[in-house]
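What's in structure.cif: mmCIF, C-alpha atoms (C1' of nucleotides)
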```cif
data_model
#
loop_
_atom_site.label_atom_id
_atom_site.label_comp_id
_atom_site.auth_asym_id
_atom_site.auth_seq_id
_atom_site.Cartn_x
_atom_site.Cartn_y
_atom_site.Cartn_z
CA MET A 876 8.68 -22.21 -32.70
CA LYS A 877 9.22 -25.17 -35.00
CA LYS A 878 7.03 -27.25 -32.78
CA THR A 879 4.29 -24.64 -32.81
CA ILE A 880 4.23 -24.60 -36.61
CA LEU A 881 4.15 -28.38 -36.69
CA ILE A 882 1.28 -28.56 -34.24
CA PHE A 883 -0.77 -25.94 -36.02
CA GLY A 884 -0.10 -27.63 -39.34
CA SER A 885 -1.40 -30.97 -38.10
CA LEU A 886 -4.32 -29.14 -36.52
CA ILE A 887 -5.38 -27.60 -39.83
CA ILE A 888 -5.10 -30.93 -41.59
CA ALA A 889 -7.16 -32.58 -38.87
CA LEU A 890 -9.87 -29.95 -39.19
CA LEU A 891 -10.01 -30.33 -42.97
CA LEU A 892 -10.38 -34.09 -42.59
CA LEU A 893 -13.14 -33.54 -40.06
CA PHE A 894 -15.05 -31.26 -42.36
CA GLN A 895 -14.77 -33.69 -45.21
CA PHE A 896 -15.98 -36.48 -43.01
CA SER A 897 -18.90 -34.49 -41.67
CA LYS A 898 -19.92 -33.43 -45.15
CA TYR A 899 -19.93 -37.00 -46.32
CA ALA A 900 -21.84 -38.16 -43.30
CA VAL A 901 -24.50 -35.52 -43.67
CA VAL A 902 -24.93 -36.15 -47.38
CA SER A 903 -25.17 -39.87 -46.89
CA GLY A 904 -27.64 -39.30 -44.07
CA ASP A 905 -26.16 -41.91 -41.79
CA PHE A 906 -25.79 -39.56 -38.85
CA GLN A 907 -27.71 -36.74 -37.40
CA VAL A 908 -26.15 -33.31 -37.56
CA GLU A 909 -26.07 -32.95 -33.78
CA TYR A 910 -23.95 -36.04 -33.34
CA ILE A 911 -21.44 -34.88 -35.86
CA MET A 912 -21.35 -31.50 -34.17
CA ALA A 913 -20.72 -33.21 -30.88
CA ILE A 914 -17.90 -35.28 -32.31
CA VAL A 915 -16.33 -32.25 -33.94
CA ALA A 916 -16.63 -30.27 -30.72
CA ILE A 917 -15.10 -32.98 -28.56
CA ILE A 918 -12.23 -33.57 -30.93
CA SER A 919 -11.51 -29.86 -31.23
CA LEU A 920 -11.67 -29.51 -27.49
CA THR A 921 -9.20 -32.35 -27.04
CA ILE A 922 -6.89 -30.79 -29.58
CA GLY A 923 -7.14 -27.47 -27.75
CA LEU A 924 -6.28 -29.10 -24.44
CA PHE A 925 -3.41 -30.96 -26.04
CA ILE A 926 -1.90 -27.92 -27.71
CA ASN A 927 -2.01 -25.80 -24.62
CA ASN A 928 -0.65 -28.57 -22.49
CA LYS A 929 2.36 -28.93 -24.75
CA ALA A 930 2.92 -25.21 -24.90
CA GLN A 931 2.74 -24.80 -21.13
CA LYS A 932 5.02 -27.69 -20.46
CA ALA A 933 7.58 -26.36 -22.90
CA LEU A 934 7.39 -23.06 -21.07
CA SER A 935 7.78 -24.48 -17.59
CA VAL A 936 10.62 -26.71 -18.73
CA SER A 937 12.48 -23.78 -20.20
CA ASN A 938 12.19 -22.03 -16.87
CA GLN A 939 13.75 -24.96 -15.07
CA LYS A 940 16.25 -25.75 -17.74
CA ILE A 941 19.88 -25.24 -16.87
CA ASP A 942 21.66 -22.55 -18.84
CA PHE A 943 24.78 -24.40 -19.93
CA LYS A 944 25.86 -21.48 -22.08
CA LYS A 945 25.98 -19.32 -18.99
CA ILE A 946 28.12 -21.89 -17.21
CA GLU A 947 30.65 -21.77 -20.03
CA GLU A 948 30.41 -18.03 -20.19
CA LEU A 949 31.34 -17.82 -16.52
CA GLY A 950 34.27 -20.13 -17.11
CA LEU A 951 33.18 -22.69 -14.55
CA SER A 952 35.12 -25.93 -14.83
CA LYS A 953 33.48 -29.35 -14.52
CA ARG A 954 34.71 -29.86 -11.00
CA GLU A 955 33.80 -26.39 -9.85
CA TYR A 956 30.30 -26.90 -11.15
CA GLU A 957 29.99 -30.18 -9.30
CA VAL A 958 31.05 -28.48 -6.11
CA LEU A 959 28.56 -25.70 -6.75
CA LYS A 960 25.72 -28.18 -6.94
CA GLU A 961 26.76 -29.78 -3.68
CA ILE A 962 26.90 -26.39 -2.01
CA ALA A 963 23.36 -25.75 -3.17
CA LEU A 964 22.34 -28.99 -1.49
CA GLY A 965 23.57 -27.52 1.78
CA LEU A 966 26.67 -29.63 2.27
CA SER A 967 29.77 -28.46 4.15
CA ASN A 968 33.22 -28.46 2.54
CA GLN A 969 34.11 -31.57 4.49
CA GLU A 970 30.98 -33.40 3.36
CA ILE A 971 31.58 -32.43 -0.25
CA ALA A 972 35.18 -33.64 0.05
CA LYS A 973 34.03 -37.06 1.24
CA LYS A 974 31.34 -37.28 -1.42
CA LEU A 975 33.77 -36.46 -4.24
CA PHE A 976 36.66 -38.45 -2.75
CA VAL A 977 39.08 -35.53 -2.48
CA SER A 978 40.54 -33.52 0.39
CA GLU A 979 38.84 -30.57 2.03
CA SER A 980 41.70 -28.37 0.78
CA THR A 981 40.73 -29.15 -2.78
CA ILE A 982 37.13 -28.25 -2.13
CA LYS A 983 38.20 -24.99 -0.53
CA THR A 984 40.23 -24.13 -3.60
CA HIS A 985 37.29 -24.91 -5.86
CA VAL A 986 34.92 -22.91 -3.72
CA SER A 987 37.26 -19.95 -3.67
CA ASN A 988 37.58 -19.93 -7.45
CA LEU A 989 33.85 -20.47 -7.72
CA LEU A 990 33.07 -17.40 -5.67
CA VAL A 991 35.32 -15.22 -7.79
CA LYS A 992 33.77 -16.48 -11.02
CA LEU A 993 30.25 -16.01 -9.72
CA ASN A 994 31.15 -12.67 -8.21
CA ALA A 995 29.86 -13.84 -4.84
CA LYS A 996 31.16 -13.09 -1.37
CA ARG A 997 29.74 -16.16 0.32
CA ARG A 998 28.49 -19.58 -0.62
CA THR A 999 24.95 -18.57 0.24
CA GLN A 1000 25.22 -15.71 -2.22
CA ALA A 1001 26.65 -18.12 -4.77
CA ILE A 1002 23.51 -20.21 -4.40
CA GLN A 1003 21.29 -17.19 -4.91
CA ILE A 1004 23.22 -16.00 -7.96
CA SER A 1005 23.33 -19.47 -9.49
CA LYS A 1006 19.60 -19.87 -9.14
CA SER A 1007 18.92 -16.49 -10.67
CA LEU A 1008 21.17 -17.42 -13.60
CA ASN A 1009 19.45 -20.79 -14.02
CA ILE A 1010 22.68 -22.70 -13.76
CA ILE A 1011 21.55 -25.05 -10.96
CA MET B 381 -11.65 -29.92 -7.72
CA LYS B 382 -14.50 -27.45 -7.27
CA LYS B 383 -13.08 -25.38 -10.08
CA THR B 384 -12.83 -28.41 -12.31
CA ILE B 385 -16.49 -29.25 -11.75
CA LEU B 386 -17.48 -25.66 -12.40
CA ILE B 387 -15.49 -25.48 -15.60
CA PHE B 388 -16.83 -28.74 -16.92
CA GLY B 389 -20.36 -27.70 -15.98
CA SER B 390 -20.10 -24.50 -18.00
CA LEU B 391 -18.51 -26.46 -20.79
CA ILE B 392 -21.45 -28.84 -21.05
CA ILE B 393 -23.91 -25.94 -21.03
CA ALA B 394 -21.90 -24.17 -23.73
CA LEU B 395 -21.92 -27.29 -25.88
CA LEU B 396 -25.68 -27.70 -25.50
CA LEU B 397 -26.23 -24.10 -26.53
CA LEU B 398 -23.98 -24.64 -29.52
CA PHE B 399 -25.93 -27.68 -30.63
CA GLN B 400 -29.22 -25.83 -30.31
CA PHE B 401 -27.85 -22.96 -32.35
CA SER B 402 -26.46 -25.23 -35.03
CA LYS B 403 -29.74 -27.12 -35.25
CA TYR B 404 -31.68 -23.91 -35.69
CA ALA B 405 -29.25 -22.60 -38.27
CA VAL B 406 -29.35 -25.77 -40.30
CA VAL B 407 -33.14 -25.96 -40.19
CA SER B 408 -33.51 -22.34 -41.18
CA GLY B 409 -30.99 -22.89 -43.94
CA ASP B 410 -29.15 -19.64 -43.35
CA PHE B 411 -25.74 -21.29 -43.16
CA GLN B 412 -23.97 -24.16 -44.72
CA VAL B 413 -23.16 -27.11 -42.55
CA GLU B 414 -19.42 -26.68 -43.06
CA TYR B 415 -19.42 -23.17 -41.68
CA ILE B 416 -21.28 -24.21 -38.60
CA MET B 417 -18.87 -27.07 -38.17
CA ALA B 418 -16.00 -24.66 -38.44
CA ILE B 419 -17.52 -22.31 -35.89
CA VAL B 420 -18.20 -25.15 -33.48
CA ALA B 421 -14.67 -26.43 -33.92
CA ILE B 422 -13.07 -23.06 -33.33
CA ILE B 423 -15.17 -22.31 -30.29
CA SER B 424 -14.48 -25.72 -28.80
CA LEU B 425 -10.80 -25.32 -29.49
CA THR B 426 -10.77 -21.96 -27.75
CA ILE B 427 -12.59 -23.42 -24.78
CA GLY B 428 -10.05 -26.22 -24.67
CA LEU B 429 -7.16 -23.80 -24.70
CA PHE B 430 -8.79 -21.67 -22.04
CA ILE B 431 -9.54 -24.56 -19.68
CA ASN B 432 -6.06 -25.94 -19.89
CA ASN B 433 -4.49 -22.54 -19.46
CA LYS B 434 -6.42 -21.97 -16.24
CA ALA B 435 -5.60 -25.41 -14.95
CA GLN B 436 -1.90 -25.05 -15.68
CA LYS B 437 -1.67 -21.63 -14.13
CA ALA B 438 -3.39 -22.81 -10.99
CA LEU B 439 -0.86 -25.61 -10.85
CA SER B 440 2.21 -23.45 -11.35
CA VAL B 441 0.98 -20.90 -8.82
CA SER B 442 0.47 -23.57 -6.20
CA ASN B 443 4.06 -24.66 -6.75
CA GLN B 444 5.39 -21.19 -6.07
CA LYS B 445 3.03 -20.35 -3.27
CA ILE B 446 4.48 -20.07 0.19
CA ASP B 447 3.29 -22.66 2.65
CA PHE B 448 2.35 -20.50 5.63
CA LYS B 449 0.90 -23.47 7.44
CA LYS B 450 4.28 -25.14 7.34
CA ILE B 451 5.91 -22.03 8.78
CA GLU B 452 3.54 -22.12 11.73
CA GLU B 453 3.96 -25.84 12.05
CA LEU B 454 7.71 -25.39 12.38
CA GLY B 455 7.17 -22.74 15.05
CA LEU B 456 9.10 -20.06 13.20
CA SER B 457 8.61 -16.62 14.70
CA LYS B 458 8.11 -13.51 12.58
CA ARG B 459 11.65 -12.32 13.12
CA GLU B 460 13.18 -15.70 12.50
CA TYR B 461 11.33 -15.93 9.24
CA GLU B 462 12.59 -12.52 8.18
CA VAL B 463 16.14 -13.60 8.91
CA LEU B 464 15.59 -16.80 6.96
CA LYS B 465 14.58 -14.85 3.89
CA GLU B 466 17.68 -12.66 4.15
CA ILE B 467 19.87 -15.73 4.46
CA ALA B 468 18.33 -17.09 1.27
CA LEU B 469 19.32 -13.84 -0.43
CA GLY B 470 22.91 -14.65 0.44
CA LEU B 471 23.51 -12.01 3.11
CA SER B 472 25.98 -12.41 5.99
CA ASN B 473 24.89 -12.06 9.60
CA GLN B 474 26.44 -8.62 9.73
CA GLU B 475 24.59 -7.49 6.62
CA ILE B 476 21.31 -8.84 7.94
CA ALA B 477 21.90 -7.03 11.22
CA LYS B 478 22.34 -3.72 9.43
CA LYS B 479 19.34 -4.31 7.23
CA LEU B 480 17.06 -5.11 10.15
CA PHE B 481 18.59 -2.49 12.49
CA VAL B 482 19.69 -4.91 15.19
CA SER B 483 23.02 -6.24 16.43
CA GLU B 484 24.85 -9.16 14.89
CA SER B 485 24.38 -11.03 18.18
CA THR B 486 20.66 -10.90 17.72
CA ILE B 487 20.92 -12.28 14.22
CA LYS B 488 23.16 -15.07 15.45
CA THR B 489 20.59 -16.00 18.05
CA HIS B 490 17.84 -16.02 15.45
CA VAL B 491 19.92 -18.08 13.05
CA SER B 492 20.78 -20.58 15.73
CA ASN B 493 17.13 -21.05 16.67
CA LEU B 494 16.24 -21.18 13.01
CA LEU B 495 18.62 -24.03 12.33
CA VAL B 496 17.22 -26.08 15.18
CA LYS B 497 13.64 -25.55 14.03
CA LEU B 498 14.48 -26.38 10.43
CA ASN B 499 16.62 -29.30 11.52
CA ALA B 500 19.55 -27.92 9.55
CA LYS B 501 23.23 -27.95 10.35
CA ARG B 502 24.19 -24.95 8.27
CA ARG B 503 22.54 -21.93 6.73
CA THR B 504 23.02 -23.37 3.26
CA GLN B 505 21.12 -26.46 4.32
CA ALA B 506 18.46 -24.23 5.81
CA ILE B 507 18.02 -22.65 2.39
CA GLN B 508 17.70 -26.02 0.72
CA ILE B 509 15.18 -27.29 3.28
CA SER B 510 13.16 -24.09 3.16
CA LYS B 511 12.89 -24.25 -0.59
CA SER B 512 11.87 -27.88 -0.54
CA LEU B 513 9.17 -27.03 2.02
CA ASN B 514 7.96 -24.07 -0.05
CA ILE B 515 8.36 -21.63 2.79
CA ILE B 516 10.55 -19.17 0.89
"C1'" DA C 531 56.47 -34.34 -27.05
"C1'" DG C 532 55.17 -30.06 -25.25
"C1'" DT C 533 51.97 -27.02 -23.19
"C1'" DA C 534 48.01 -24.86 -21.03
"C1'" DA C 535 44.24 -25.61 -18.21
"C1'" DA C 536 42.31 -28.17 -14.67
"C1'" DA C 537 42.53 -30.79 -10.56
"C1'" DT C 538 44.66 -31.87 -6.40
"C1'" DG C 539 46.37 -30.79 -1.81
"C1'" DG C 540 49.19 -28.60 1.79
"C1'" DT C 541 50.29 -24.68 5.20
"C1'" DA C 542 49.13 -20.62 7.45
"C1'" DC C 543 46.14 -17.26 8.22
"C1'" DT C 544 41.71 -14.19 8.72
"C1'" DT C 545 36.95 -13.91 8.77
"C1'" DT C 546 32.26 -15.74 9.41
"C1'" DA C 547 29.26 -18.85 11.29
"C1'" DG C 548 27.37 -21.19 14.89
"C1'" DT C 549 26.85 -22.69 20.11
"C1'" DA C 550 26.12 -21.92 24.91
"C1'" DT C 551 24.62 -19.21 28.44
"C1'" DG C 552 22.68 -15.49 30.78
"C1'" DA C 553 20.03 -11.44 31.07
"C1'" DG C 554 16.84 -7.44 30.29
"C1'" DC C 555 12.62 -5.86 28.12
"C1'" DC C 556 8.02 -6.12 26.00
"C1'" DT C 557 3.50 -8.02 24.97
"C1'" DC C 558 -0.32 -10.84 25.33
"C1'" DA C 559 -3.24 -14.16 27.48
"C1'" DC C 560 -5.06 -16.26 31.66
"C1'" DG D 1089 -0.09 -9.52 38.00
"C1'" DT D 1090 2.21 -13.41 36.56
"C1'" DG D 1091 4.15 -16.37 33.30
"C1'" DA D 1092 5.24 -17.75 28.59
"C1'" DG D 1093 7.09 -16.53 24.44
"C1'" DG D 1094 9.41 -13.39 21.57
"C1'" DC D 1095 13.08 -9.94 20.73
"C1'" DT D 1096 17.07 -7.95 22.01
"C1'" DC D 1097 22.10 -8.07 23.21
"C1'" DA D 1098 26.57 -9.49 25.32
"C1'" DT D 1099 30.54 -12.59 26.21
"C1'" DA D 1100 33.25 -16.43 25.28
"C1'" DC D 1101 34.04 -20.04 22.86
"C1'" DT D 1102 34.46 -23.73 18.86
"C1'" DA D 1103 33.84 -24.83 14.21
"C1'" DA D 1104 33.51 -23.75 9.56
"C1'" DA D 1105 34.42 -20.95 5.69
"C1'" DG D 1106 37.27 -18.39 2.94
"C1'" DT D 1107 42.01 -16.28 1.28
"C1'" DA D 1108 46.72 -16.46 -0.26
"C1'" DC D 1109 50.47 -18.87 -1.98
"C1'" DC D 1110 52.78 -22.62 -3.56
"C1'" DA D 1111 53.60 -27.12 -5.55
"C1'" DT D 1112 52.50 -31.35 -7.74
"C1'" DT D 1113 49.94 -34.28 -10.95
"C1'" DT D 1114 46.27 -35.13 -14.68
"C1'" DT D 1115 44.07 -34.22 -18.64
"C1'" DA D 1116 43.35 -32.59 -23.11
"C1'" DC D 1117 44.92 -30.78 -27.23
"C1'" DT D 1118 48.07 -29.39 -30.90
#
```
Could you show the structure in this file as structure tokens?
Amino acid sequence: MKKTILIFGSLIIALLLLFQFSKYAVVSGDFQVEYIMAIVAIISLTIGLFINNKAQKALSVSNQKIDFKKIEELGLSKREYEVLKEIALGLSNQEIAKKLFVSESTIKTHVSNLLVKLNAKRRTQAIQISKSLNII
Amino acid sequence: MKKTILIFGSLIIALLLLFQFSKYAVVSGDFQVEYIMAIVAIISLTIGLFINNKAQKALSVSNQKIDFKKIEELGLSKREYEVLKEIALGLSNQEIAKKLFVSESTIKTHVSNLLVKLNAKRRTQAIQISKSLNII
DNA sequence: AGTAAAATGGTACTTTAGTATGAGCCTCAC
DNA sequence: GTGAGGCTCATACTAAAGTACCATTTTACT
């Protein structure tokens, strides 16, 4: 929202400057009206493209963005969250254990706690739930 | 690409029309130059927003779209694909069996074939691969 | 220093998942 | 009508995944 206001503010200023410039140019007779029109149109068009691009990107980013609040809310610990990410990559408990330099028992414990916290019955369900909650 | 050309074509035509209109208006003296400038700017801005919006949407849709060609390429049968989707929802073999009105044995067979075709070792990996290939 | 939470890991067990193999049935193309 | 591919299902097995319980050790914080 702050960004939107900022962008629209600069936009208005830019337009005012443009009008001033065009007025001056017309009065002084250095340019033809059509050229100035063309310049104004192109600049406005560019601004339009730019604004929308920013807005869309902000939107798509927010859709991909990880909901850290939700992670806290669920009470997931650092280690549990790490394990969750590895599960989502399709690794087995043994593979995760090797990757994180701990025993498979430890991973099993983490996974078990993870499933309770995510209210999932299986790791596949944990993946689905995590994705729907935007935490991975 | 075709769309891009089409959009830019219409854009150029629209600009030409605008210039003609502005020329006429200035000559006839009905409007002040500033107003015409403003109108041109607003219209161009709107066009800019519109173009970018279309382009971005087309992009985001293509990212979500399911790659049916890839499914064929992998040789996934109709039933196998159905099972794959259920796996991605986090269901167990037994649950999938009930949902599709077949025995668990059948699901196991499908899953096994599925894993070979997707070159996955586990169902969680199958989910990851499927998502990366845009087939679910 | 004391404490609570987190991290680690072990044993023992049950449940799912996945493999291998074989077999019956159906459909569609040649 | 024959064969290939797809769908179904069963048995028997191995391998993972997941649960329950307990016991240390680390870490972080007051």
Q) Taking only C-alpha atoms (C1' of nucleotides) into account, what are the residues of chain D at most 10 Å from chain A, put as a PyMOL selection string? A) chain D and resi 1104-1107
Q.
List as a PyMOL selection string the residues having at least one atom at most 10 Å from position (45.2, -32.9, -8.5) as given in the file, counting all atoms listed in the file.
A. (chain A and resi 977+981) or (chain C and resi 536-539) or (chain D and resi 1112-1114)
**Q.** Residue members of the PyMOL selection byres ((chain C) within 12 of (chain B)) in the file shown, as a ChimeraX atom specification
**A.** /C:545-551
Q. Between A:Asn1009, A:Gln939, A:Ile971, A:Leu966, which one has atoms that come closest to B:Ala500, using only C-alpha atoms?
A.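 Ranking A:Asn1009, A:Gln939, A:Ile971, A:Leu966 by distance to B:Ala500, first place goes to A:Leu966.
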(Q) Selection in question (the file shown): the PyMOL selection byres ((chain A) within 6 of (chain B)). Which residues does it include, as a list in words? (A)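 On the file shown, the PyMOL selection byres ((chain A) within 6 of (chain B)) covers Ala916, Ser919, Leu920, Gly923, Leu924, Asn927, Leu964, Gly965, Thr999, Gln1000 and Gln1003 of chain A.
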Q. Once you count only C-alpha atoms (C1' of nucleotides), which residues end up no further than 12 Å from (43.2, -27.5, -19.5) in the file's frame, shown as a count of residues only?
A. 12
Q. So how far away is atom CA of B:Ile446 from atom CA of B:Leu513, in Å?
A.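 Atom CA of B:Ile446 lies at a distance of 8.6 Å from atom CA of B:Leu513.
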Q: Rank nothing, just name the residue among A:Ile1011, A:Lys929, A:Glu947, A:Ser978 nearest to A:Glu961, using all atoms listed in the file.
A: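 Once distances to A:Glu961 are computed over all atoms listed in the file, the minimum belongs to A:Ile1011.
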Q. Expressed in Å to a single decimal, how great is the separation between atom CA of A:Leu989 and atom CA of A:Lys944?
A.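 Taking atom CA of A:Leu989 and atom CA of A:Lys944, their separation equals 16.5 Å.
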Q. So which residues touch C:DT541 within 12 Å, counting all atoms listed in the file, skipping near sequence neighbours fewer than 4 positions away, as a list in words?
A.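 Selected residues are Ser980 of chain A; DA1108, DC1109, DC1110 and DA1111 of chain D.
Here atom C1' of C:DG552 is placed at a distance of 21.1 Å from atom CA of B:Arg459.
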Q: Identify, on the basis of all atoms listed in the file, every residue whose closest approach to B:Lys497 does not exceed 8 Å; exclude the query and any residue fewer than 4 positions from it along the same chain; express the result as a PyMOL selection string.
A: chain B and resi 454-456+493
